[in-house]
file target05.txt (compact mmCIF, C-alpha atoms)
# COMPACT_ATOMS: atom_id res chain seq x y z
CA MET A 41 0.00 0.00 0.00
CA SER A 42 1.23 3.40 -0.80
CA VAL A 43 -0.33 6.50 0.65
CA GLU A 44 1.79 9.43 -0.39
CA VAL A 45 1.07 12.54 1.68
CA VAL A 46 2.32 15.98 0.67
CA THR A 47 1.58 19.04 2.78
CA LYS A 48 1.49 22.57 1.42
CA ASP A 49 0.39 24.11 4.72
CA ARG A 50 2.56 23.72 7.83
CA ARG A 51 -0.46 23.37 10.13
CA TRP A 52 -0.94 19.82 8.83
CA GLU A 53 2.37 18.85 10.45
CA ASN A 54 0.70 18.70 13.88
CA THR A 55 -2.24 16.53 12.80
CA ALA A 56 -0.65 13.15 12.02
CA LEU A 57 -2.18 13.44 8.54
CA ALA A 58 -0.09 10.59 7.13
CA GLU A 59 -1.13 8.19 9.90
CA LEU A 60 -4.80 9.20 9.65
CA ALA A 61 -4.67 8.77 5.87
CA GLU A 62 -3.04 5.34 6.05
CA ALA A 63 -5.57 4.08 8.60
CA ALA A 64 -8.57 5.51 6.72
CA PHE A 65 -7.32 4.11 3.41
CA SER A 66 -6.56 0.66 4.79
CA VAL A 67 -9.84 0.26 6.68
CA THR A 68 -11.90 1.60 3.76
CA LEU A 69 -10.40 -0.86 1.30
CA SER A 70 -10.59 -3.75 3.76
CA HIS A 71 -14.27 -2.98 4.44
CA LEU A 72 -14.92 -3.23 0.72
CA GLY A 73 -13.02 -6.50 0.34
CA LEU A 74 -10.01 -4.95 -1.39
CA GLU A 75 -6.41 -5.52 -0.36
CA ALA A 76 -4.99 -2.12 0.63
CA GLY A 77 -1.47 -3.23 -0.27
CA ASP A 78 -2.47 -3.50 -3.91
CA TRP A 79 -3.43 0.16 -4.37
CA ASP A 80 -1.88 3.63 -4.25
CA ILE A 81 -3.25 7.11 -3.54
CA ALA A 82 -1.79 10.57 -3.04
CA ILE A 83 -3.11 13.11 -0.55
CA LEU A 84 -2.38 16.84 -0.56
CA GLY A 85 -2.84 18.65 2.75
CA CYS A 86 -3.46 22.26 1.80
CA ASN A 87 -5.33 25.40 2.89
CA ASP A 88 -8.48 27.16 1.72
CA GLN A 89 -6.74 29.31 -0.89
CA GLN A 90 -4.95 26.34 -2.41
CA ILE A 91 -8.08 24.16 -2.52
CA ALA A 92 -10.11 27.08 -3.92
CA ASP A 93 -7.56 27.36 -6.74
CA LEU A 94 -7.87 23.62 -7.43
CA ASN A 95 -11.66 23.79 -7.24
CA ALA A 96 -11.67 26.65 -9.76
CA GLN A 97 -9.22 24.90 -12.07
CA PHE A 98 -10.92 21.50 -12.10
CA ARG A 99 -14.57 22.20 -11.28
CA ASP A 100 -15.11 25.85 -12.27
CA LYS A 101 -16.07 26.58 -8.66
CA PRO A 102 -13.70 29.27 -7.35
CA SER A 103 -14.39 28.65 -3.68
CA ALA A 104 -12.87 26.66 -0.85
CA THR A 105 -14.23 23.23 -0.02
CA ASN A 106 -13.25 20.55 2.48
CA VAL A 107 -12.03 17.77 0.20
CA LEU A 108 -11.56 17.16 -3.53
CA SER A 109 -10.80 13.89 -5.28
CA TRP A 110 -9.52 12.91 -8.70
CA PRO A 111 -10.06 9.23 -9.48
CA SER A 112 -7.62 7.71 -11.93
CA GLN A 113 -10.56 6.34 -13.91
CA GLU A 114 -14.36 6.50 -13.85
CA ARG A 115 -15.79 3.79 -11.64
CA GLY A 116 -19.27 5.10 -10.84
CA ALA A 117 -22.34 2.89 -10.93
CA GLU A 118 -24.50 3.18 -14.02
CA LYS A 119 -27.73 2.48 -12.14
CA GLU A 120 -28.59 4.69 -9.16
CA GLY A 121 -27.90 2.99 -5.84
CA ASP A 122 -25.78 0.19 -7.30
CA LEU A 123 -22.24 -0.50 -6.16
CA PRO A 124 -19.57 1.12 -8.31
CA ALA A 125 -17.26 -0.96 -10.48
CA PHE A 126 -14.26 -1.66 -8.29
CA PRO A 127 -10.79 -1.04 -9.68
CA THR A 128 -8.85 -3.43 -11.83
CA GLY A 129 -5.50 -3.10 -13.52
CA ASP A 130 -3.74 0.17 -12.75
CA THR A 131 -2.79 0.30 -9.06
CA GLU A 132 -3.17 4.09 -8.86
CA LEU A 133 -6.63 4.96 -7.50
CA GLY A 134 -6.21 8.72 -7.70
CA ASP A 135 -5.53 11.86 -5.70
CA ILE A 136 -7.22 13.70 -2.83
CA ALA A 137 -6.77 17.28 -1.60
CA ILE A 138 -7.98 18.32 1.85
CA SER A 139 -8.10 21.85 3.27
CA PHE A 140 -6.95 22.50 6.82
CA ASP A 141 -9.00 25.69 7.19
CA THR A 142 -12.32 24.22 6.12
CA CYS A 143 -11.73 20.99 8.04
CA ARG A 144 -10.99 22.87 11.24
CA LYS A 145 -14.06 25.14 10.85
CA GLU A 146 -16.36 22.20 10.11
CA ALA A 147 -15.00 20.18 13.04
CA GLU A 148 -15.52 23.08 15.44
CA ARG A 149 -19.03 23.72 14.12
CA SER A 150 -20.06 20.07 14.43
CA GLY A 151 -18.36 19.40 17.76
CA ALA A 152 -16.13 16.71 16.22
CA THR A 153 -12.44 16.48 16.90
CA LEU A 154 -10.20 17.57 14.05
CA LYS A 155 -8.80 14.03 13.93
CA ASP A 156 -12.25 12.48 13.53
CA HIS A 157 -13.34 14.99 10.91
CA VAL A 158 -10.16 14.61 8.87
CA THR A 159 -10.55 10.83 9.06
CA HIS A 160 -14.15 11.15 7.84
CA LEU A 161 -13.13 13.35 4.91
CA ILE A 162 -10.33 11.00 3.88
CA VAL A 163 -12.74 8.04 3.95
CA HIS A 164 -15.15 10.17 1.89
CA GLY A 165 -12.41 11.01 -0.60
CA VAL A 166 -11.25 7.41 -0.90
CA LEU A 167 -14.83 6.31 -1.57
CA HIS A 168 -14.99 8.91 -4.36
CA LEU A 169 -11.80 7.45 -5.84
CA LEU A 170 -13.53 4.06 -5.80
CA GLY A 171 -16.57 5.34 -7.71
CA TYR A 172 -18.93 6.20 -4.87
CA ASP A 173 -20.85 9.44 -5.34
CA HIS A 174 -23.70 11.46 -3.87
CA GLU A 175 -25.10 13.24 -6.91
CA ARG A 176 -28.13 10.92 -7.08
CA ASP A 177 -30.15 10.14 -3.95
CA GLY A 178 -29.67 6.36 -4.15
CA ASP A 179 -25.92 6.75 -4.63
CA GLY A 180 -25.75 9.22 -1.76
CA ASP A 181 -27.61 6.84 0.56
CA LEU A 182 -25.19 4.02 -0.33
CA MET A 183 -22.14 6.24 0.15
CA GLU A 184 -23.36 7.59 3.49
CA ALA A 185 -24.15 4.13 4.88
CA THR A 186 -20.76 2.87 3.72
CA GLU A 187 -18.98 5.83 5.33
CA ILE A 188 -20.80 5.30 8.64
CA ALA A 189 -19.83 1.60 8.71
CA ILE A 190 -16.17 2.33 7.90
CA LEU A 191 -15.95 5.17 10.41
CA ALA A 192 -17.37 2.89 13.13
CA LYS A 193 -14.46 0.50 12.46
CA LEU A 194 -12.10 3.45 12.91
CA GLY A 195 -13.77 4.49 16.17
CA VAL A 196 -15.24 7.65 14.65
CA PRO A 197 -18.83 8.53 15.62
CA ASN A 198 -21.51 8.83 12.94
CA PRO A 199 -21.00 12.33 11.47
CA TYR A 200 -24.52 12.43 10.02
call {"tool": "encode", "arguments": {"input": "target05.txt", "output": "structure tokens"}}
result
Amino acid sequence: MSVEVVTKDRRWENTALAELAEAAFSVTLSHLGLEAGDWDIAILGCNDQQIADLNAQFRDKPSATNVLSWPSQERGAEKEGDLPAFPTGDTELGDIAISFDTCRKEAERSGATLKDHVTHLIVHGVLHLLGYDHERDGDGDLMEATEIAILAKLGVPNPY
């Protein structure tokens, strides 16, 4: 398993981002019956300005967000509510960017610890890399239930 973590904001250095990412990645893949050691992802720990720039560049939304993901290939389910097509072939699942500023604000607002919220957002991002989505109601229900189950295994309370 390879979880490459790059930080572009020094505040991430005090969060154990690499350890949180490795645990979230490993438990997410294991929950789905995939061997974590067979797959690679990259995570960028950044700030609101950096993620806003990425959001503008890739989604035409020039605003900060909590997490962005770029799957290496499309894996989404064709039929609403169905499981996505799990990866085959290329070991690279994709990339995730996560903003310290937005994560911290959301954690404070919800009463979650920063560690738990970051873990939740990494699980969320990994699920996106695996083809899970929340654009359609049935897909969103599946993704949310999957997140809750994975987070429980990580000792993170239901964020919903």
call {"tool": "atom_distance", "arguments": {"input": "target05.txt", "atom1": "CA of Gly121 in chain A", "atom2": "CA of Arg99 in chain A"}}
result
24.0 Å
call {"tool": "residues_around", "arguments": {"input": "target05.txt", "residues": "range 108-114 of chain A", "least_positions_apart": "2", "cutoff": "10 Å", "atoms": "only C-alpha atoms", "output": "PyMOL selection string"}}
result
chain A and resi 81-84+91+94-95+98-99+104-106+116-117+124-127+130-139+161-162+164-171
call {"tool": "residues_around", "arguments": {"input": "target05.txt", "residues": "range 53-67 of chain A", "least_positions_apart": "5", "cutoff": "7 Å", "atoms": "all atoms listed in the file", "output": "list in words"}}
result
Val43, Val45, Ala76, Thr159, Ile162, Val163, Val166 and Ile190 of chain A
call {"tool": "write_last_selection", "arguments": {"input": "target05.txt", "atoms": "C-alpha atoms", "output": "PDB file, in the coordinates of the input"}}
result
ATOM      1  CA  VAL A  43      -0.330   6.500   0.650  1.00  0.00           C
ATOM      2  CA  VAL A  45       1.070  12.540   1.680  1.00  0.00           C
ATOM      3  CA  ALA A  76      -4.990  -2.120   0.630  1.00  0.00           C
ATOM      4  CA  THR A 159     -10.550  10.830   9.060  1.00  0.00           C
ATOM      5  CA  ILE A 162     -10.330  11.000   3.880  1.00  0.00           C
ATOM      6  CA  VAL A 163     -12.740   8.040   3.950  1.00  0.00           C
ATOM      7  CA  VAL A 166     -11.250   7.410  -0.900  1.00  0.00           C
ATOM      8  CA  ILE A 190     -16.170   2.330   7.900  1.00  0.00           C
TER       9      ILE A 190
END
call {"tool": "residues_around", "arguments": {"input": "target05.txt", "residues": "His174 in chain A", "least_positions_apart": "3", "cutoff": "10 Å", "atoms": "all atoms listed in the file", "output": "PyMOL selection string"}}
result
chain A and resi 120-121+168+177-184
call {"tool": "atom_distance", "arguments": {"input": "target05.txt", "atom1": "CA of Pro199 in chain A", "atom2": "CA of His160 in chain A"}}
result
7.8 Å
call {"tool": "build_atoms", "arguments": {"input": "target05.txt", "residues": "range 74-101 of chain A", "atoms": "N, CA and C atoms", "output": "mmCIF file, keeping the file's coordinate frame"}}
result
data_model
loop_
_atom_site.group_PDB
_atom_site.id
_atom_site.type_symbol
_atom_site.label_atom_id
_atom_site.label_comp_id
_atom_site.auth_asym_id
_atom_site.auth_seq_id
_atom_site.Cartn_x
_atom_site.Cartn_y
_atom_site.Cartn_z
ATOM 1 N N LEU A 74 -11.183 -5.202 -0.551
ATOM 2 C CA LEU A 74 -10.010 -4.950 -1.390
ATOM 3 C C LEU A 74 -8.761 -4.993 -0.518
ATOM 4 N N GLU A 75 -7.686 -5.447 -1.073
ATOM 5 C CA GLU A 75 -6.410 -5.520 -0.360
ATOM 6 C C GLU A 75 -5.708 -4.173 -0.472
ATOM 7 N N ALA A 76 -5.574 -3.464 0.642
ATOM 8 C CA ALA A 76 -4.990 -2.120 0.630
ATOM 9 C C ALA A 76 -3.598 -2.116 0.024
ATOM 10 N N GLY A 77 -2.835 -3.171 0.240
ATOM 11 C CA GLY A 77 -1.470 -3.230 -0.270
ATOM 12 C C GLY A 77 -1.366 -3.249 -1.781
ATOM 13 N N ASP A 78 -2.484 -3.441 -2.445
ATOM 14 C CA ASP A 78 -2.470 -3.500 -3.910
ATOM 15 C C ASP A 78 -2.702 -2.154 -4.585
ATOM 16 N N TRP A 79 -2.970 -1.100 -3.788
ATOM 17 C CA TRP A 79 -3.430 0.160 -4.370
ATOM 18 C C TRP A 79 -2.644 1.346 -3.830
ATOM 19 N N ASP A 80 -2.615 2.414 -4.611
ATOM 20 C CA ASP A 80 -1.880 3.630 -4.250
ATOM 21 C C ASP A 80 -2.793 4.846 -4.368
ATOM 22 N N ILE A 81 -2.591 5.807 -3.445
ATOM 23 C CA ILE A 81 -3.250 7.110 -3.540
ATOM 24 C C ILE A 81 -2.252 8.182 -3.129
ATOM 25 N N ALA A 82 -2.569 9.411 -3.482
ATOM 26 C CA ALA A 82 -1.790 10.570 -3.040
ATOM 27 C C ALA A 82 -2.748 11.549 -2.382
ATOM 28 N N ILE A 83 -2.297 12.143 -1.276
ATOM 29 C CA ILE A 83 -3.110 13.110 -0.550
ATOM 30 C C ILE A 83 -2.315 14.401 -0.398
ATOM 31 N N LEU A 84 -2.966 15.501 -0.725
ATOM 32 C CA LEU A 84 -2.380 16.840 -0.560
ATOM 33 C C LEU A 84 -3.074 17.514 0.604
ATOM 34 N N GLY A 85 -2.319 17.848 1.647
ATOM 35 C CA GLY A 85 -2.840 18.650 2.750
ATOM 36 C C GLY A 85 -2.567 20.106 2.435
ATOM 37 N N CYS A 86 -3.623 20.878 2.232
ATOM 38 C CA CYS A 86 -3.460 22.260 1.800
ATOM 39 C C CYS A 86 -4.324 23.190 2.645
ATOM 40 N N ASN A 87 -4.493 24.425 2.194
ATOM 41 C CA ASN A 87 -5.330 25.400 2.890
ATOM 42 C C ASN A 87 -6.466 25.847 1.984
ATOM 43 N N ASP A 88 -7.305 26.740 2.492
ATOM 44 C CA ASP A 88 -8.480 27.160 1.720
ATOM 45 C C ASP A 88 -8.126 27.812 0.399
ATOM 46 N N GLN A 89 -7.098 28.655 0.368
ATOM 47 C CA GLN A 89 -6.740 29.310 -0.890
ATOM 48 C C GLN A 89 -6.266 28.290 -1.919
ATOM 49 N N GLN A 90 -5.466 27.346 -1.488
ATOM 50 C CA GLN A 90 -4.950 26.340 -2.410
ATOM 51 C C GLN A 90 -6.075 25.435 -2.930
ATOM 52 N N ILE A 91 -6.996 25.036 -2.059
ATOM 53 C CA ILE A 91 -8.080 24.160 -2.520
ATOM 54 C C ILE A 91 -9.075 24.937 -3.373
ATOM 55 N N ALA A 92 -9.245 26.242 -3.085
ATOM 56 C CA ALA A 92 -10.110 27.080 -3.920
ATOM 57 C C ALA A 92 -9.528 27.181 -5.336
ATOM 58 N N ASP A 93 -8.215 27.318 -5.429
ATOM 59 C CA ASP A 93 -7.560 27.360 -6.740
ATOM 60 C C ASP A 93 -7.778 26.045 -7.496
ATOM 61 N N LEU A 94 -7.633 24.920 -6.796
ATOM 62 C CA LEU A 94 -7.870 23.620 -7.430
ATOM 63 C C LEU A 94 -9.333 23.456 -7.823
ATOM 64 N N ASN A 95 -10.230 23.891 -6.967
ATOM 65 C CA ASN A 95 -11.660 23.790 -7.240
ATOM 66 C C ASN A 95 -12.028 24.628 -8.468
ATOM 67 N N ALA A 96 -11.433 25.808 -8.593
ATOM 68 C CA ALA A 96 -11.670 26.650 -9.760
ATOM 69 C C ALA A 96 -11.103 26.009 -11.019
ATOM 70 N N GLN A 97 -9.899 25.489 -10.918
ATOM 71 C CA GLN A 97 -9.220 24.900 -12.070
ATOM 72 C C GLN A 97 -9.930 23.655 -12.585
ATOM 73 N N PHE A 98 -10.383 22.788 -11.683
ATOM 74 C CA PHE A 98 -10.920 21.500 -12.100
ATOM 75 C C PHE A 98 -12.435 21.405 -12.101
ATOM 76 N N ARG A 99 -13.119 22.301 -11.369
ATOM 77 C CA ARG A 99 -14.570 22.200 -11.280
ATOM 78 C C ARG A 99 -15.284 23.504 -11.608
ATOM 79 N N ASP A 100 -14.538 24.533 -11.999
ATOM 80 C CA ASP A 100 -15.110 25.850 -12.270
ATOM 81 C C ASP A 100 -15.896 26.408 -11.096
ATOM 82 N N LYS A 101 -15.456 26.073 -9.891
ATOM 83 C CA LYS A 101 -16.070 26.580 -8.660
ATOM 84 C C LYS A 101 -14.962 27.254 -7.852
#
